[in-house]
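S.K.: Input model_17.tsv, format and content: TSV, C-alpha atoms.
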chain	number	residue	atom	x	y	z
A	10	LEU	CA	-3.70	20.13	41.44
A	11	LEU	CA	-4.54	17.67	38.67
A	12	LEU	CA	-2.02	16.57	36.11
A	13	PHE	CA	-3.01	14.89	32.88
A	14	SER	CA	-0.60	13.13	30.66
A	15	CYS	CA	-1.22	12.32	27.07
A	16	ASP	CA	0.90	9.45	25.98
A	17	ASP	CA	0.21	8.77	22.33
A	18	ASP	CA	2.53	5.80	22.17
A	19	GLY	CA	0.64	3.03	20.53
A	20	LEU	CA	-2.02	5.22	18.90
A	21	ASP	CA	-0.30	4.94	15.54
A	22	ASP	CA	-0.28	1.17	15.89
A	23	PHE	CA	-3.85	1.24	14.59
A	24	ASN	CA	-2.99	3.37	11.54
A	25	ASP	CA	-1.45	0.96	9.07
A	26	PRO	CA	-0.03	3.01	6.17
A	27	ARG	CA	-0.59	0.04	3.85
A	28	GLU	CA	-4.37	0.53	4.12
A	29	GLN	CA	-4.32	3.53	1.74
A	30	PHE	CA	-2.76	1.40	-1.03
A	31	LEU	CA	-5.08	-1.61	-0.77
A	32	GLY	CA	-7.65	-2.33	-3.44
A	33	ASN	CA	-8.08	-2.73	-7.17
A	34	TRP	CA	-6.28	-0.30	-9.45
A	35	ASN	CA	-6.45	0.49	-13.17
A	36	VAL	CA	-2.96	0.76	-14.65
A	37	SER	CA	-1.77	2.85	-17.57
A	38	GLU	CA	1.87	2.27	-18.60
A	39	ASN	CA	3.74	4.57	-20.95
A	40	GLU	CA	6.31	2.18	-22.43
A	41	LEU	CA	4.03	-0.76	-23.10
A	42	LYS	CA	1.14	1.54	-23.97
A	43	ASP	CA	-0.90	-0.99	-22.10
A	44	ALA	CA	-3.86	-0.78	-19.78
A	45	TYR	CA	-4.71	-3.47	-17.25
A	46	SER	CA	-5.72	-3.93	-13.61
A	47	VAL	CA	-3.83	-4.92	-10.48
A	48	SER	CA	-4.87	-5.66	-6.92
A	49	ILE	CA	-2.80	-4.55	-3.96
A	50	VAL	CA	-3.03	-6.63	-0.78
A	51	LYS	CA	-1.15	-6.74	2.51
A	52	ASN	CA	1.88	-9.00	2.59
A	53	PRO	CA	1.04	-11.49	5.34
A	54	SER	CA	4.77	-12.17	5.81
A	55	ASN	CA	5.81	-8.53	6.40
A	56	SER	CA	3.86	-5.83	8.26
A	57	THR	CA	5.39	-2.99	6.18
A	58	GLU	CA	4.86	-4.46	2.71
A	59	VAL	CA	2.12	-4.99	0.16
A	60	LEU	CA	1.92	-7.46	-2.73
A	61	ILE	CA	0.90	-6.24	-6.18
A	62	ASN	CA	-1.01	-8.96	-8.02
A	63	ASN	CA	-0.79	-8.87	-11.84
A	64	PHE	CA	2.07	-6.36	-11.74
A	65	TRP	CA	3.40	-5.61	-15.25
A	66	ASN	CA	0.35	-7.46	-16.56
A	67	THR	CA	1.79	-10.83	-15.54
A	68	ASN	CA	-0.05	-13.39	-13.47
A	69	GLY	CA	3.09	-14.78	-11.86
A	70	ASN	CA	4.44	-14.18	-8.37
A	71	PRO	CA	3.45	-10.69	-7.17
A	72	PRO	CA	6.32	-8.38	-6.21
A	73	ALA	CA	6.53	-7.10	-2.64
A	74	ALA	CA	6.67	-3.33	-2.15
A	75	LEU	CA	7.62	-1.43	1.00
A	76	VAL	CA	5.16	1.26	2.14
A	77	VAL	CA	6.45	4.36	3.93
A	78	GLY	CA	3.85	7.08	4.38
A	79	LYS	CA	2.51	8.03	0.93
A	80	LYS	CA	5.41	6.34	-0.88
A	81	ILE	CA	5.78	2.78	-2.04
A	82	TYR	CA	9.12	1.22	-3.01
A	83	PHE	CA	10.39	-1.76	-4.96
A	84	ASP	CA	13.90	-2.84	-3.99
A	85	ASN	CA	15.00	-5.58	-6.36
A	86	ALA	CA	11.64	-7.31	-5.86
A	87	ASN	CA	11.21	-10.58	-7.70
A	88	PHE	CA	8.01	-11.16	-9.63
A	89	PHE	CA	6.60	-13.39	-12.35
A	90	ASP	CA	9.56	-15.81	-12.26
A	91	SER	CA	12.95	-16.08	-10.55
A	92	GLU	CA	14.65	-14.06	-13.32
A	93	SER	CA	12.40	-10.97	-13.27
A	94	HIS	CA	12.81	-8.16	-10.75
A	95	VAL	CA	11.79	-4.53	-10.33
A	96	ASN	CA	13.29	-1.43	-8.67
A	97	GLY	CA	11.60	1.93	-8.27
A	98	GLU	CA	9.03	3.94	-6.38
A	99	GLY	CA	5.54	5.34	-6.48
A	100	PHE	CA	3.82	8.26	-4.79
A	101	LEU	CA	0.17	8.24	-3.72
A	102	ASN	CA	-1.88	11.41	-4.28
A	103	ASN	CA	-5.67	11.70	-4.69
A	104	ASN	CA	-6.32	7.98	-5.30
A	105	LYS	CA	-3.53	7.77	-7.90
A	106	ILE	CA	-0.08	6.24	-7.59
A	107	THR	CA	2.49	7.74	-9.93
A	108	TRP	CA	5.25	5.20	-10.55
A	109	GLN	CA	8.78	5.26	-11.94
A	110	TYR	CA	10.52	1.90	-12.02
A	111	LYS	CA	12.95	-0.34	-13.87
A	112	VAL	CA	12.11	-3.91	-14.81
A	113	PHE	CA	14.69	-6.59	-15.53
A	114	ASP	CA	12.89	-9.41	-17.35
A	115	GLY	CA	15.77	-11.88	-17.37
A	116	ALA	CA	17.33	-10.46	-20.53
A	117	ASP	CA	16.87	-6.66	-20.63
A	118	GLU	CA	16.30	-3.81	-18.22
A	119	LYS	CA	13.86	-1.04	-19.19
A	120	GLU	CA	12.48	2.04	-17.47
A	121	TYR	CA	8.75	2.55	-17.08
A	122	GLU	CA	6.33	5.17	-15.88
A	123	ALA	CA	2.84	4.17	-14.87
A	124	ILE	CA	-0.24	5.61	-13.25
A	125	PHE	CA	-2.35	3.42	-10.97
A	126	THR	CA	-5.87	4.82	-10.48
A	127	LEU	CA	-8.08	3.39	-7.72
A	128	GLN	CA	-11.19	1.67	-9.10
What do you get writing this file as C-alpha cells?
M.R.:
Amino acid sequence: LLLFSCDDDGLDDFNDPREQFLGNWNVSENELKDAYSVSIVKNPSNSTEVLINNFWNTNGNPPAALVVGKKIYFDNANFFDSESHVNGEGFLNNNKITWQYKVFDGADEKEYEAIFTLQ
C-alpha cells in the first residue's frame, strides 16, 4: 500500500498577487479629464503593497496600495506631500484597473473615477 500526500502549503508563496499590477499604465480620469501615465512597483517595505508613481499626475511621494487578489486598496495613503491622502479601491480585469477613490489635497476632498490601462 502506497500513500501519497499532497501538501500545497508554500506553493502560493511563489504567486505574489502584486505581480499582476506591476508595470506602466495609461490613466484616464473623469473629474480632471486628464490623461497621464503611472508606474506601479512593489513596495520594498511591505510584501502586500505596491507604490503608484505619478499618482494623480503628481511627481511627489507615491501612495502605497494594498493588493488582495484582483483588488487594490488605498487606506488613507499619503502622497505628493504630507497634507494629501487618498482612500478608495480598484479592480483589475483584462489589463485594466477600474478605480473609485477620494482625494484630500490639503484643502478639499473630491471623488474620482479612473481607468488604468496596461501599456
S.K.: May I ask which of the residues A:Phe88, A:Ser93, A:Thr126, A:Arg27 is the closest one to A:Ala44, counting only C-alpha atoms?
M.R.: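 Of A:Phe88, A:Ser93, A:Thr126, A:Arg27, the one nearest A:Ala44, counting only C-alpha atoms, is A:Thr126.
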S.K.: Do you have the atom CA of A:Trp34-atom CA of A:Ser91 distance handy?
M.R.: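 Separation between atom CA of A:Trp34 and atom CA of A:Ser91: 24.9 Å.
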S.K.: Using all atoms listed in the file for the distances, tell me which of A:Glu122, A:Ala73, A:Pro26, A:Gly115 is nearest to A:Pro53.
M.R.: A:Ala73
S.K.: Please provide as a PyMOL selection string all residues within 12 Å of stretch 104-107 of chain A, with the sequence filter that same-chain residues fewer than 5 positions apart are discarded (counting only C-alpha atoms).
M.R.: chain A and resi 29-39+49+79-82+97-99+121-128
S.K.: Between atom CA of A:Ser56 and atom CA of A:Asp114, what is the distance, to one decimal in Å?
M.R.: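 Computing the Euclidean distance for atom CA of A:Ser56 and atom CA of A:Asp114 yields 27.4 Å.
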S.K.: Residues at most 8 Å from A:Ala86, counting only C-alpha atoms, excluding those fewer than 2 positions away in the same chain, as a list in words?
M.R.: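 Using only C-alpha atoms, the neighbours found are Pro72, Ala73, Ala74, Phe83, Asp84, Phe88, His94, Val95 and Asn96 of chain A.
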S.K.: For the residues selected in the previous step, produce a file with C-alpha atoms as a compact mmCIF listing (two decimals), keeping the file's coordinate frame.
M.R.:
# COMPACT_ATOMS: atom_id res chain seq x y z
CA PRO A 72 6.32 -8.38 -6.21
CA ALA A 73 6.53 -7.10 -2.64
CA ALA A 74 6.67 -3.33 -2.15
CA PHE A 83 10.39 -1.76 -4.96
CA ASP A 84 13.90 -2.84 -3.99
CA PHE A 88 8.01 -11.16 -9.63
CA HIS A 94 12.81 -8.16 -10.75
CA VAL A 95 11.79 -4.53 -10.33
CA ASN A 96 13.29 -1.43 -8.67
S.K.: To one decimal place in Å, what is the distance between atom CA of A:Phe100 and atom CA of A:Leu41?
M.R.: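 Answer for the atom CA of A:Phe100 to atom CA of A:Leu41 separation: 20.4 Å.
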S.K.: Taking into account all atoms listed in the file, which residue in the set A:Leu75, A:Lys111, A:Phe89, A:Asn102 is nearest to A:Asn52?
M.R.: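 Once distances to A:Asn52 are computed over all atoms listed in the file, the minimum belongs to A:Leu75.
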S.K.: Under the rule that all atoms listed in the file are counted, which of A:Val47, A:Glu40, A:Ser54, A:Glu28 is the nearest residue to A:Val112?
M.R.: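 Smallest distance to A:Val112 is found for A:Glu40.
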S.K.: Counting only C-alpha atoms, which residue out of A:Asp43, A:Glu120, A:Asp90, A:Asp25 sits closest to A:Pro71?
M.R.: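 Using only C-alpha atoms, the shortest distance to A:Pro71 belongs to A:Asp90.
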S.K.: Hey, could you patch up stretch 53-71 of chain A with N, CA, C and O atoms and hand it over as a PDB file, in the coordinates of the input?
M.R.:
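For reference, selection35.pdb as written:
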ATOM      1  N   PRO A  53       1.215 -10.859   4.031  1.00  0.00           N
ATOM      2  CA  PRO A  53       1.040 -11.490   5.340  1.00  0.00           C
ATOM      3  C   PRO A  53       2.362 -11.847   6.018  1.00  0.00           C
ATOM      4  O   PRO A  53       2.396 -12.082   7.220  1.00  0.00           O
ATOM      5  N   SER A  54       3.464 -11.816   5.256  1.00  0.00           N
ATOM      6  CA  SER A  54       4.770 -12.170   5.810  1.00  0.00           C
ATOM      7  C   SER A  54       5.563 -10.965   6.307  1.00  0.00           C
ATOM      8  O   SER A  54       6.623 -11.142   6.897  1.00  0.00           O
ATOM      9  N   ASN A  55       5.064  -9.726   6.025  1.00  0.00           N
ATOM     10  CA  ASN A  55       5.810  -8.530   6.400  1.00  0.00           C
ATOM     11  C   ASN A  55       4.839  -7.396   6.663  1.00  0.00           C
ATOM     12  O   ASN A  55       4.096  -6.989   5.763  1.00  0.00           O
ATOM     13  N   SER A  56       4.845  -6.836   7.862  1.00  0.00           N
ATOM     14  CA  SER A  56       3.860  -5.830   8.260  1.00  0.00           C
ATOM     15  C   SER A  56       4.098  -4.452   7.642  1.00  0.00           C
ATOM     16  O   SER A  56       3.319  -3.530   7.892  1.00  0.00           O
ATOM     17  N   THR A  57       5.141  -4.279   6.835  1.00  0.00           N
ATOM     18  CA  THR A  57       5.390  -2.990   6.180  1.00  0.00           C
ATOM     19  C   THR A  57       5.271  -3.085   4.660  1.00  0.00           C
ATOM     20  O   THR A  57       5.525  -2.106   3.968  1.00  0.00           O
ATOM     21  N   GLU A  58       4.885  -4.259   4.149  1.00  0.00           N
ATOM     22  CA  GLU A  58       4.860  -4.460   2.710  1.00  0.00           C
ATOM     23  C   GLU A  58       3.465  -4.808   2.190  1.00  0.00           C
ATOM     24  O   GLU A  58       2.621  -5.298   2.923  1.00  0.00           O
ATOM     25  N   VAL A  59       3.294  -4.544   0.895  1.00  0.00           N
ATOM     26  CA  VAL A  59       2.120  -4.990   0.160  1.00  0.00           C
ATOM     27  C   VAL A  59       2.589  -5.871  -0.991  1.00  0.00           C
ATOM     28  O   VAL A  59       3.760  -5.831  -1.384  1.00  0.00           O
ATOM     29  N   LEU A  60       1.673  -6.655  -1.534  1.00  0.00           N
ATOM     30  CA  LEU A  60       1.920  -7.460  -2.730  1.00  0.00           C
ATOM     31  C   LEU A  60       1.063  -6.894  -3.853  1.00  0.00           C
ATOM     32  O   LEU A  60      -0.105  -6.553  -3.626  1.00  0.00           O
ATOM     33  N   ILE A  61       1.632  -6.801  -5.044  1.00  0.00           N
ATOM     34  CA  ILE A  61       0.900  -6.240  -6.180  1.00  0.00           C
ATOM     35  C   ILE A  61       0.639  -7.361  -7.178  1.00  0.00           C
ATOM     36  O   ILE A  61       1.525  -7.762  -7.940  1.00  0.00           O
ATOM     37  N   ASN A  62      -0.597  -7.870  -7.133  1.00  0.00           N
ATOM     38  CA  ASN A  62      -1.010  -8.960  -8.020  1.00  0.00           C
ATOM     39  C   ASN A  62      -1.218  -8.443  -9.438  1.00  0.00           C
ATOM     40  O   ASN A  62      -1.811  -7.394  -9.637  1.00  0.00           O
ATOM     41  N   ASN A  63      -0.733  -9.182 -10.405  1.00  0.00           N
ATOM     42  CA  ASN A  63      -0.790  -8.870 -11.840  1.00  0.00           C
ATOM     43  C   ASN A  63       0.105  -7.692 -12.213  1.00  0.00           C
ATOM     44  O   ASN A  63      -0.112  -7.039 -13.230  1.00  0.00           O
ATOM     45  N   PHE A  64       1.134  -7.429 -11.414  1.00  0.00           N
ATOM     46  CA  PHE A  64       2.070  -6.360 -11.740  1.00  0.00           C
ATOM     47  C   PHE A  64       2.683  -6.613 -13.114  1.00  0.00           C
ATOM     48  O   PHE A  64       3.028  -7.740 -13.446  1.00  0.00           O
ATOM     49  N   TRP A  65       2.815  -5.574 -13.907  1.00  0.00           N
ATOM     50  CA  TRP A  65       3.400  -5.610 -15.250  1.00  0.00           C
ATOM     51  C   TRP A  65       2.591  -6.514 -16.171  1.00  0.00           C
ATOM     52  O   TRP A  65       3.081  -7.055 -17.127  1.00  0.00           O
ATOM     53  N   ASN A  66       1.311  -6.655 -15.809  1.00  0.00           N
ATOM     54  CA  ASN A  66       0.350  -7.460 -16.560  1.00  0.00           C
ATOM     55  C   ASN A  66       0.788  -8.928 -16.681  1.00  0.00           C
ATOM     56  O   ASN A  66       0.600  -9.576 -17.694  1.00  0.00           O
ATOM     57  N   THR A  67       1.398  -9.422 -15.611  1.00  0.00           N
ATOM     58  CA  THR A  67       1.790 -10.830 -15.540  1.00  0.00           C
ATOM     59  C   THR A  67       1.032 -11.474 -14.385  1.00  0.00           C
ATOM     60  O   THR A  67       0.771 -10.851 -13.367  1.00  0.00           O
ATOM     61  N   ASN A  68       0.684 -12.685 -14.527  1.00  0.00           N
ATOM     62  CA  ASN A  68      -0.050 -13.390 -13.470  1.00  0.00           C
ATOM     63  C   ASN A  68       0.858 -14.277 -12.641  1.00  0.00           C
ATOM     64  O   ASN A  68       0.399 -15.194 -11.992  1.00  0.00           O
ATOM     65  N   GLY A  69       2.147 -13.984 -12.642  1.00  0.00           N
ATOM     66  CA  GLY A  69       3.090 -14.780 -11.860  1.00  0.00           C
ATOM     67  C   GLY A  69       3.134 -14.322 -10.416  1.00  0.00           C
ATOM     68  O   GLY A  69       2.190 -13.756  -9.880  1.00  0.00           O
ATOM     69  N   ASN A  70       4.257 -14.571  -9.770  1.00  0.00           N
ATOM     70  CA  ASN A  70       4.440 -14.180  -8.370  1.00  0.00           C
ATOM     71  C   ASN A  70       4.356 -12.655  -8.248  1.00  0.00           C
ATOM     72  O   ASN A  70       5.054 -11.940  -8.960  1.00  0.00           O
ATOM     73  N   PRO A  71       3.540 -12.142  -7.328  1.00  0.00           N
ATOM     74  CA  PRO A  71       3.450 -10.690  -7.170  1.00  0.00           C
ATOM     75  C   PRO A  71       4.681 -10.132  -6.456  1.00  0.00           C
ATOM     76  O   PRO A  71       5.174 -10.737  -5.507  1.00  0.00           O
TER      77      PRO A  71
END
